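**Q** I have a structure I would like to understand better, so I am pasting it below and will then ask my questions one at a time.
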Amino acid sequence: MKMSLAKIEHLKSYTSFLSACYQSGLSKYEAAIKEPKQFLESIISSAAETSTYFCVVNEEIIGAIRFRHNTNEYIVSVIGHVGYETKPTARGKGVARFMLSWLQEHIMESVAIITCEADNMASEKVIKHCGGVYLNQIYSTEKQNDVKRYELPSKNVRSCLA
């Protein structure tokens, strides 16, 4: 597995990734699958605010992770500084843990907020394994679900692959 900053050369694999994630129930990709090139271009152009990286194996995107560089109430309370998805065919194989650990080591310079929906046990396990410290649980009207909030250390604080 290798990590790569999102770029237009990923379009074919990203289109497949979007489709697989949407078909697995990630409805947030509904608009993206209609215009994948435009969606990827918007991701690339917003890199100053949010950097998106792909986990790639043999030119296939099997995961995506975002790091939001700024902080506001919505980021701190609901979506966190970090968000990620794993392609359904790659779930349960350590991809999310690999991506999150890589982000901690190569991108994060300090503690960040990371969240997951309260019923997402797989994501919660990844966050805890990478040193996430539970803060609280809130109800998100945006997500219409309970959200668990964690502080996530950078690799300068703790390594989660050890």
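Identifiers for the structure tokens are assigned positionally: chains receive A, B, ... in sequence, residues are indexed from 1 per chain, and ligands are indexed from 1 in the order shown.
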Counting only C-alpha atoms, which residues of stretch 3-41 of chain A sit at most 10 Å from some atom of stretch 65-83 of chain A, and what is each one's closest atom pair with its distance in Å to one decimal, listed by chain and rising residue number, as a tab-separated table?
**A**
```
residue	atom	partner	partner_atom	distance
A:Met3	CA	A:Ile65	CA	9.6
A:Leu5	CA	A:Ile65	CA	9.7
A:Ala6	CA	A:Ile65	CA	9.8
```
**Q** So which residues of stretch 24-139 of chain A fall under strand (DSSP E) by DSSP, listed as number ranges by chain?
**A** A: 50-57, 60-68, 82-86, 112-117, 133-139
**Q** Of the residues A:Asn145, A:Gln104, A:Gly132, A:Phe98, which is the one nearest to A:Asn120, using only C-alpha atoms?
**A**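 Among the listed residues, A:Asn145 lies closest to A:Asn120.
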**Q** To one decimal in Å, tell me the separation between atom CA of A:Met121 and atom CA of A:Thr50.
**A** 25.3 Å
**Q** Excluding stretch 58-61 of chain A and residues on its chain fewer than 3 positions from it, collect all residues at most 10 Å away from it, counting only C-alpha atoms, and give them as a list in words.
**A**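 Contacts, with the query itself left out: Met1, Lys2, Met3, Ser4, His10, Leu11, Lys12, Ser13, Tyr14, Thr15, Ser16, Phe17, Leu18, Tyr53, Phe54, Cys55, Ala64, Thr86, Lys87 and Ala90 of chain A.
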**Q** Could you check the closest approach to A:Lys125 for each of A:Ser154, A:Asp146, A:Tyr139, A:Gly94 and tell me which residue wins, using only C-alpha atoms?
**A**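 Comparing A:Ser154, A:Asp146, A:Tyr139, A:Gly94 against A:Lys125, the winner is A:Gly94.
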**Q** Determine, counting only C-alpha atoms, which protein, DNA and RNA residues have an atom within 12 Å of an atom of A:Ala31; residues of the same chain fewer than 3 positions away are not included. Present the result as a list in words.
**A** Thr15, Leu18, Ser19, Tyr22, Leu26, Ser27, Lys28, Lys34, Glu35, Pro36, Lys37, Gln38, Phe39 and Leu40 of chain A
**Q** Please report the interatomic distance between atom CA of A:Arg97 and atom CA of A:Asp119 in Å with one decimal.
**A**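 Distance between the two atoms: 18.1 Å.
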**Q** For each of A:Tyr29, A:Ala122, A:Thr115, A:Val133, take the minimum atom-to-atom distance to A:Val147, counting only C-alpha atoms, then give the residue where this is smallest.
**A**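 With only C-alpha atoms as the atom set, the closest residue is A:Thr115.
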**Q** Counting only C-alpha atoms, which of A:Ile114, A:Lys155, A:Ser24, A:Glu85 gets nearest to A:Asn136?
**A** A:Ile114
**Q** Would you return as a VMD selection string the members of chain A that DSSP assigns to alpha helix (DSSP H) on this structure's backbone?
**A** chain A and resid 11 to 23 30 to 34 36 to 45 73 to 74 95 to 106 121 to 129
**Q** Compare A:Ile33, A:Ile138, A:Lys7, A:Gly25 by their minimum atom-to-atom distance to A:Thr52, counting only C-alpha atoms, and give me the closest one.
**A**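 Closest residue, counting only C-alpha atoms: A:Lys7.
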**Q** Kindly indicate which residue among A:Ser45, A:Tyr134, A:Tyr150, A:Lys93 lies nearest to A:Ile8, using only C-alpha atoms for the distances.
**A** A:Ser45
**Q** Between atom CA of A:Glu9 and atom CA of A:Ile43, what is the distance in Å, rounded to a tenth?
**A** 13.0 Å
